[in-house]
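Enquirer: First, the structure itself, so that you have it in front of you.
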Amino acid sequence: MLMKWLILFGLAGALSLLLMRIALAGDTPKAGQAAPDFNLPDQNGKLHKLKDYTGTWLVLYFYPKDDTPGCTQEACAFRDDLVQLTALGAKVVGVSLDDSSSHAAFAQKYHLPFPLLAGKDSDVAAHYGVLLNLGIYKVAKRYTFLINPQGIISKVYDSVETSRHSREIIEDLKLLKEVQKH
C-alpha cells in the first residue's frame with residue numbers, strides 16, 4: 001500500500017513540474033501595455049526589431065510550425081488580405097520557433113510576401129507569453145498581437161480561428177482607426 005502511495009505521489013509531482021514548465025512562458029502582455037521588444041532574423045536573414053515598425057500598425061502573429069495545415073491556412077489568409085491590411089496602414093510579421101531556412105522554404109512554397117521571424121531561442125515567445133514548453137519540445141502558441149504605431153498593444157488575439165483571423169483583424173483595424181479619428 002505504501003508503494004502505491006509513493007508512486008501516486010511521484011506521478012502527481014511530475015505532473016506539477018510539467019505544468020510549471022508550461023506556465024514558465026511568462027505572462028501574456030495585455031492591451032494597453034508596451035509591446036515587448038524583439039530582434040530576430042527573417043527568412044532571408046535580415047534582422048527585424050520592434051522599433052522598425054514605429055509609425056505603422058503591426059500584426060505580430062505567433063504560430064506553432066511552418067507548413068502545417070492551420071499555420072498554412074493562417075499565413076495564406078494574411079497573404080491574400082495583405083493589400084487591405086496595407087491600405088489600413090498595417091504590416092504583417094509572423095513568428096515561430098522554426099529556423100530561417102524552414103521559414104524560407106515555407107514562404108517560397110506559399111508565396112508569402114511578409115517577414116517570418118525565426119524565434120529559435122524562444123526568448124521572444126516567452127516575453128510575449130506564448131511559449132509552450134513541453135520539456136524537449138517547444139512551440140509558440142497561436143496568438144496575435146495588434147500593435148499600434150506607438151508600440152502599444154491594442155488587441156491580443158488568444159483564440160484564433162485561422163480561416164477568419166485575417167478578416168477579424170481587418171475589421172478591428174477599421175474600428176481602431178475610426179476611434180483614433182475622434
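Within each chain, counting starts at residue 1; across the C-alpha cells, chains are named A, B, ... in the order shown, with ligands numbered 1 upward in that order.
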Find the residues near Thr86 in chain A: any atom within 12 Å, counting only C-alpha atoms, skip ones fewer than 5 places away on the same chain, and give them as a list in words.

Expert: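 Here the answer would be Thr56, Trp57, Leu58, Val59, Phe78, Arg79, Asp80, Asp81, Lys91, Val92, Pro113, Phe114, Ile169, Ile170, Leu173 and Lys174 of chain A.
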
Enquirer: Could you write out that same residue set with N, CA and C atoms as a short mmCIF file (atom, residue, chain, number, x, y, z; two decimals), in the first residue's frame?

Expert:
data_model
loop_
_atom_site.label_atom_id
_atom_site.label_comp_id
_atom_site.auth_asym_id
_atom_site.auth_seq_id
_atom_site.Cartn_x
_atom_site.Cartn_y
_atom_site.Cartn_z
N THR A 56 3.66 52.63 -37.77
CA THR A 56 2.73 51.81 -38.54
C THR A 56 2.08 50.79 -37.60
N TRP A 57 0.93 50.32 -37.97
CA TRP A 57 0.30 49.23 -37.22
C TRP A 57 1.05 47.95 -37.53
N LEU A 58 1.20 47.10 -36.55
CA LEU A 58 1.91 45.83 -36.72
C LEU A 58 1.01 44.68 -36.28
N VAL A 59 0.81 43.76 -37.19
CA VAL A 59 0.13 42.50 -36.89
C VAL A 59 1.24 41.49 -36.64
N PHE A 78 -3.40 35.81 -44.50
CA PHE A 78 -2.71 37.10 -44.38
C PHE A 78 -2.17 37.54 -45.74
N ARG A 79 -1.60 36.59 -46.47
CA ARG A 79 -1.09 36.90 -47.82
C ARG A 79 -2.22 37.43 -48.71
N ASP A 80 -3.35 36.74 -48.71
CA ASP A 80 -4.46 37.12 -49.58
C ASP A 80 -5.09 38.46 -49.18
N ASP A 81 -5.01 38.81 -47.90
CA ASP A 81 -5.60 40.05 -47.41
C ASP A 81 -4.58 41.17 -47.22
N LYS A 91 1.43 46.37 -41.19
CA LYS A 91 2.42 45.40 -41.69
C LYS A 91 2.15 44.10 -40.97
N VAL A 92 2.41 42.99 -41.63
CA VAL A 92 2.22 41.66 -41.06
C VAL A 92 3.58 41.01 -40.87
N PRO A 113 4.59 37.15 -48.84
CA PRO A 113 5.35 38.37 -49.09
C PRO A 113 5.70 39.18 -47.84
N PHE A 114 5.59 38.57 -46.67
CA PHE A 114 5.88 39.29 -45.43
C PHE A 114 6.92 38.50 -44.63
N ILE A 169 -8.99 40.81 -38.01
CA ILE A 169 -8.02 41.88 -37.77
C ILE A 169 -8.34 43.09 -38.65
N ILE A 170 -8.72 42.85 -39.89
CA ILE A 170 -9.10 43.96 -40.77
C ILE A 170 -10.26 44.75 -40.17
N LEU A 173 -9.02 46.70 -37.14
CA LEU A 173 -8.22 47.85 -37.55
C LEU A 173 -9.10 49.00 -38.02
N LYS A 174 -10.14 48.68 -38.76
CA LYS A 174 -11.07 49.72 -39.21
C LYS A 174 -11.69 50.43 -38.01
#

Enquirer: Please provide as a PyMOL selection string all residues within 7 Å of Thr54 in chain A, with the sequence filter that same-chain residues fewer than 3 positions apart are discarded (counting only C-alpha atoms).

Expert: chain A and resi 51+149-151

Enquirer: Keeping only N, CA and C atoms, write the selected residues to a file as a short mmCIF file (atom, residue, chain, number, x, y, z; two decimals), in the first residue's frame.

Expert:
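Written file, out-v1.cif:
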data_model
loop_
_atom_site.label_atom_id
_atom_site.label_comp_id
_atom_site.auth_asym_id
_atom_site.auth_seq_id
_atom_site.Cartn_x
_atom_site.Cartn_y
_atom_site.Cartn_z
N LYS A 51 11.20 48.47 -33.11
CA LYS A 51 11.29 49.88 -33.48
C LYS A 51 11.27 50.10 -34.99
N PRO A 149 0.88 52.21 -33.85
CA PRO A 149 2.08 52.88 -34.36
C PRO A 149 3.04 53.38 -33.28
N GLN A 150 2.58 53.50 -32.04
CA GLN A 150 3.45 53.93 -30.94
C GLN A 150 4.07 52.75 -30.18
N GLY A 151 3.82 51.52 -30.62
CA GLY A 151 4.41 50.35 -29.98
C GLY A 151 3.60 49.82 -28.80
#

Enquirer: I'd like the contact shell of Asn148 in chain A - 12 Å cut-off, only C-alpha atoms, skipping same-chain residues fewer than 4 positions apart - returned as a tab-separated table (two decimals) with N, CA and C atoms, in the first residue's frame.

Expert:
chain	number	residue	atom	x	y	z
A	31	ALA	N	-3.59	44.38	-23.68
A	31	ALA	CA	-3.86	45.61	-24.42
A	31	ALA	C	-3.59	46.80	-23.51
A	32	GLY	N	-2.94	47.81	-24.06
A	32	GLY	CA	-2.59	49.00	-23.30
A	32	GLY	C	-1.16	48.98	-22.80
A	33	GLN	N	-0.50	47.81	-22.86
A	33	GLN	CA	0.89	47.71	-22.42
A	33	GLN	C	1.82	47.87	-23.63
A	34	ALA	N	3.05	48.28	-23.34
A	34	ALA	CA	4.06	48.37	-24.38
A	34	ALA	C	4.38	46.96	-24.87
A	35	ALA	N	4.53	46.83	-26.17
A	35	ALA	CA	4.88	45.54	-26.75
A	35	ALA	C	6.33	45.21	-26.40
A	50	LEU	N	11.34	45.66	-33.12
A	50	LEU	CA	10.05	46.32	-32.92
A	50	LEU	C	10.11	47.77	-33.40
A	51	LYS	N	11.20	48.47	-33.11
A	51	LYS	CA	11.29	49.88	-33.48
A	51	LYS	C	11.27	50.10	-34.99
A	53	TYR	N	9.08	49.16	-36.83
A	53	TYR	CA	7.67	49.29	-37.19
A	53	TYR	C	6.99	50.49	-36.52
A	54	THR	N	7.80	51.35	-35.90
A	54	THR	CA	7.26	52.57	-35.30
A	54	THR	C	6.60	53.40	-36.40
A	55	GLY	N	5.40	53.90	-36.12
A	55	GLY	CA	4.69	54.72	-37.08
A	55	GLY	C	3.72	53.94	-37.95
A	56	THR	N	3.66	52.63	-37.77
A	56	THR	CA	2.73	51.81	-38.54
A	56	THR	C	2.08	50.79	-37.60
A	57	TRP	N	0.93	50.32	-37.97
A	57	TRP	CA	0.30	49.23	-37.22
A	57	TRP	C	1.05	47.95	-37.53
A	58	LEU	N	1.20	47.10	-36.55
A	58	LEU	CA	1.91	45.83	-36.72
A	58	LEU	C	1.01	44.68	-36.28
A	59	VAL	N	0.81	43.76	-37.19
A	59	VAL	CA	0.13	42.50	-36.89
A	59	VAL	C	1.24	41.49	-36.64
A	60	LEU	N	1.53	41.24	-35.37
A	60	LEU	CA	2.60	40.31	-34.99
A	60	LEU	C	1.93	39.01	-34.59
A	88	LEU	N	-4.78	49.80	-44.69
A	88	LEU	CA	-5.14	50.26	-43.34
A	88	LEU	C	-3.90	50.67	-42.53
A	89	GLY	N	-2.74	50.67	-43.18
A	89	GLY	CA	-1.51	51.11	-42.52
A	89	GLY	C	-0.84	50.04	-41.68
A	90	ALA	N	-1.11	48.77	-41.98
A	90	ALA	CA	-0.56	47.68	-41.17
A	90	ALA	C	0.48	46.87	-41.94
A	91	LYS	N	1.43	46.37	-41.19
A	91	LYS	CA	2.42	45.40	-41.69
A	91	LYS	C	2.15	44.10	-40.97
A	152	ILE	N	2.35	50.23	-28.70
A	152	ILE	CA	1.47	49.79	-27.62
A	152	ILE	C	0.52	48.71	-28.16
A	153	ILE	N	0.33	47.66	-27.40
A	153	ILE	CA	-0.57	46.59	-27.82
A	153	ILE	C	-2.01	47.10	-27.76
A	154	SER	N	-2.69	47.04	-28.89
A	154	SER	CA	-4.09	47.47	-28.95
A	154	SER	C	-5.04	46.31	-28.73
A	155	LYS	N	-4.64	45.12	-29.16
A	155	LYS	CA	-5.52	43.96	-29.01
A	155	LYS	C	-4.68	42.70	-29.01
A	156	VAL	N	-5.10	41.74	-28.18
A	156	VAL	CA	-4.47	40.43	-28.12
A	156	VAL	C	-5.50	39.40	-28.56
A	172	ASP	N	-11.17	44.90	-37.00
A	172	ASP	CA	-10.71	45.58	-35.79
A	172	ASP	C	-9.86	46.80	-36.12
A	173	LEU	N	-9.02	46.70	-37.14
A	173	LEU	CA	-8.22	47.85	-37.55
A	173	LEU	C	-9.10	49.00	-38.02
A	176	LEU	N	-10.52	50.56	-34.85
A	176	LEU	CA	-9.50	51.29	-34.10
A	176	LEU	C	-9.11	52.59	-34.79
A	177	LYS	N	-9.01	52.55	-36.10
A	177	LYS	CA	-8.66	53.77	-36.84
A	177	LYS	C	-9.80	54.79	-36.78
A	180	GLN	N	-9.57	56.46	-33.46
A	180	GLN	CA	-8.46	57.41	-33.45
A	180	GLN	C	-8.85	58.76	-34.04

Enquirer: Excluding Asp99 in chain A and its own-chain neighbours fewer than 5 positions away, which residues fall within 9 Å of it when counting only C-alpha atoms? Please give them as number ranges by chain.

Expert: A: 41-43, 104, 117-120

Enquirer: Go ahead and write the selection's residues with C-alpha atoms as a PDB file, in the first residue's frame.

Expert:
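Saved as part14.pdb:
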ATOM      1  CA  PRO A  41      16.123  37.273 -38.313  1.00  0.00           C
ATOM      2  CA  ASP A  42      13.574  36.679 -41.048  1.00  0.00           C
ATOM      3  CA  GLN A  43      13.556  34.016 -43.753  1.00  0.00           C
ATOM      4  CA  ALA A 104      12.399  30.483 -46.389  1.00  0.00           C
ATOM      5  CA  LEU A 117      10.871  35.685 -37.956  1.00  0.00           C
ATOM      6  CA  ALA A 118      12.921  32.840 -36.528  1.00  0.00           C
ATOM      7  CA  GLY A 119      12.444  32.860 -32.759  1.00  0.00           C
ATOM      8  CA  LYS A 120      14.511  29.695 -32.401  1.00  0.00           C
TER       9      LYS A 120
END

Enquirer: Quick one: pick out all helix (DSSP H, G or I) residues within range 39-175 of chain A from a backbone DSSP run and write them as a PyMOL selection string.

Expert: chain A and resi 50-53+69-80+82-87+100-110+123-127+165-175

Enquirer: What gap, in Å, lies between CA of His48 in chain A and CA of Leu85 in chain A?

Expert: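 Computing it gives 19.3 Å between the two atoms.
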
Enquirer: What are the DSSP strand (DSSP E or B) residues of range 10-96 of chain A, as a list in words?

Expert: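 Assigned to strand (DSSP E or B), within range 10-96 of chain A: Ala34, Asn39, Leu40, Pro41, Leu47, His48, Lys49, Trp57, Leu58, Val59, Leu60, Tyr61, Phe62, Ala90, Lys91, Val92, Val93, Gly94, Val95 and Ser96 of chain A.
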
Enquirer: Report as a list in words all protein, DNA and RNA residues lying within 10 Å of Ser122 in chain A, evaluated on only C-alpha atoms, omitting residues in the same chain fewer than 6 positions from it.

Expert: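 Contacts, in chain order: Ala25, Ser96, Leu97, Asp98, Val130, Leu131, Leu132, Asn133, Lys138, Val139 and Ala140 of chain A.
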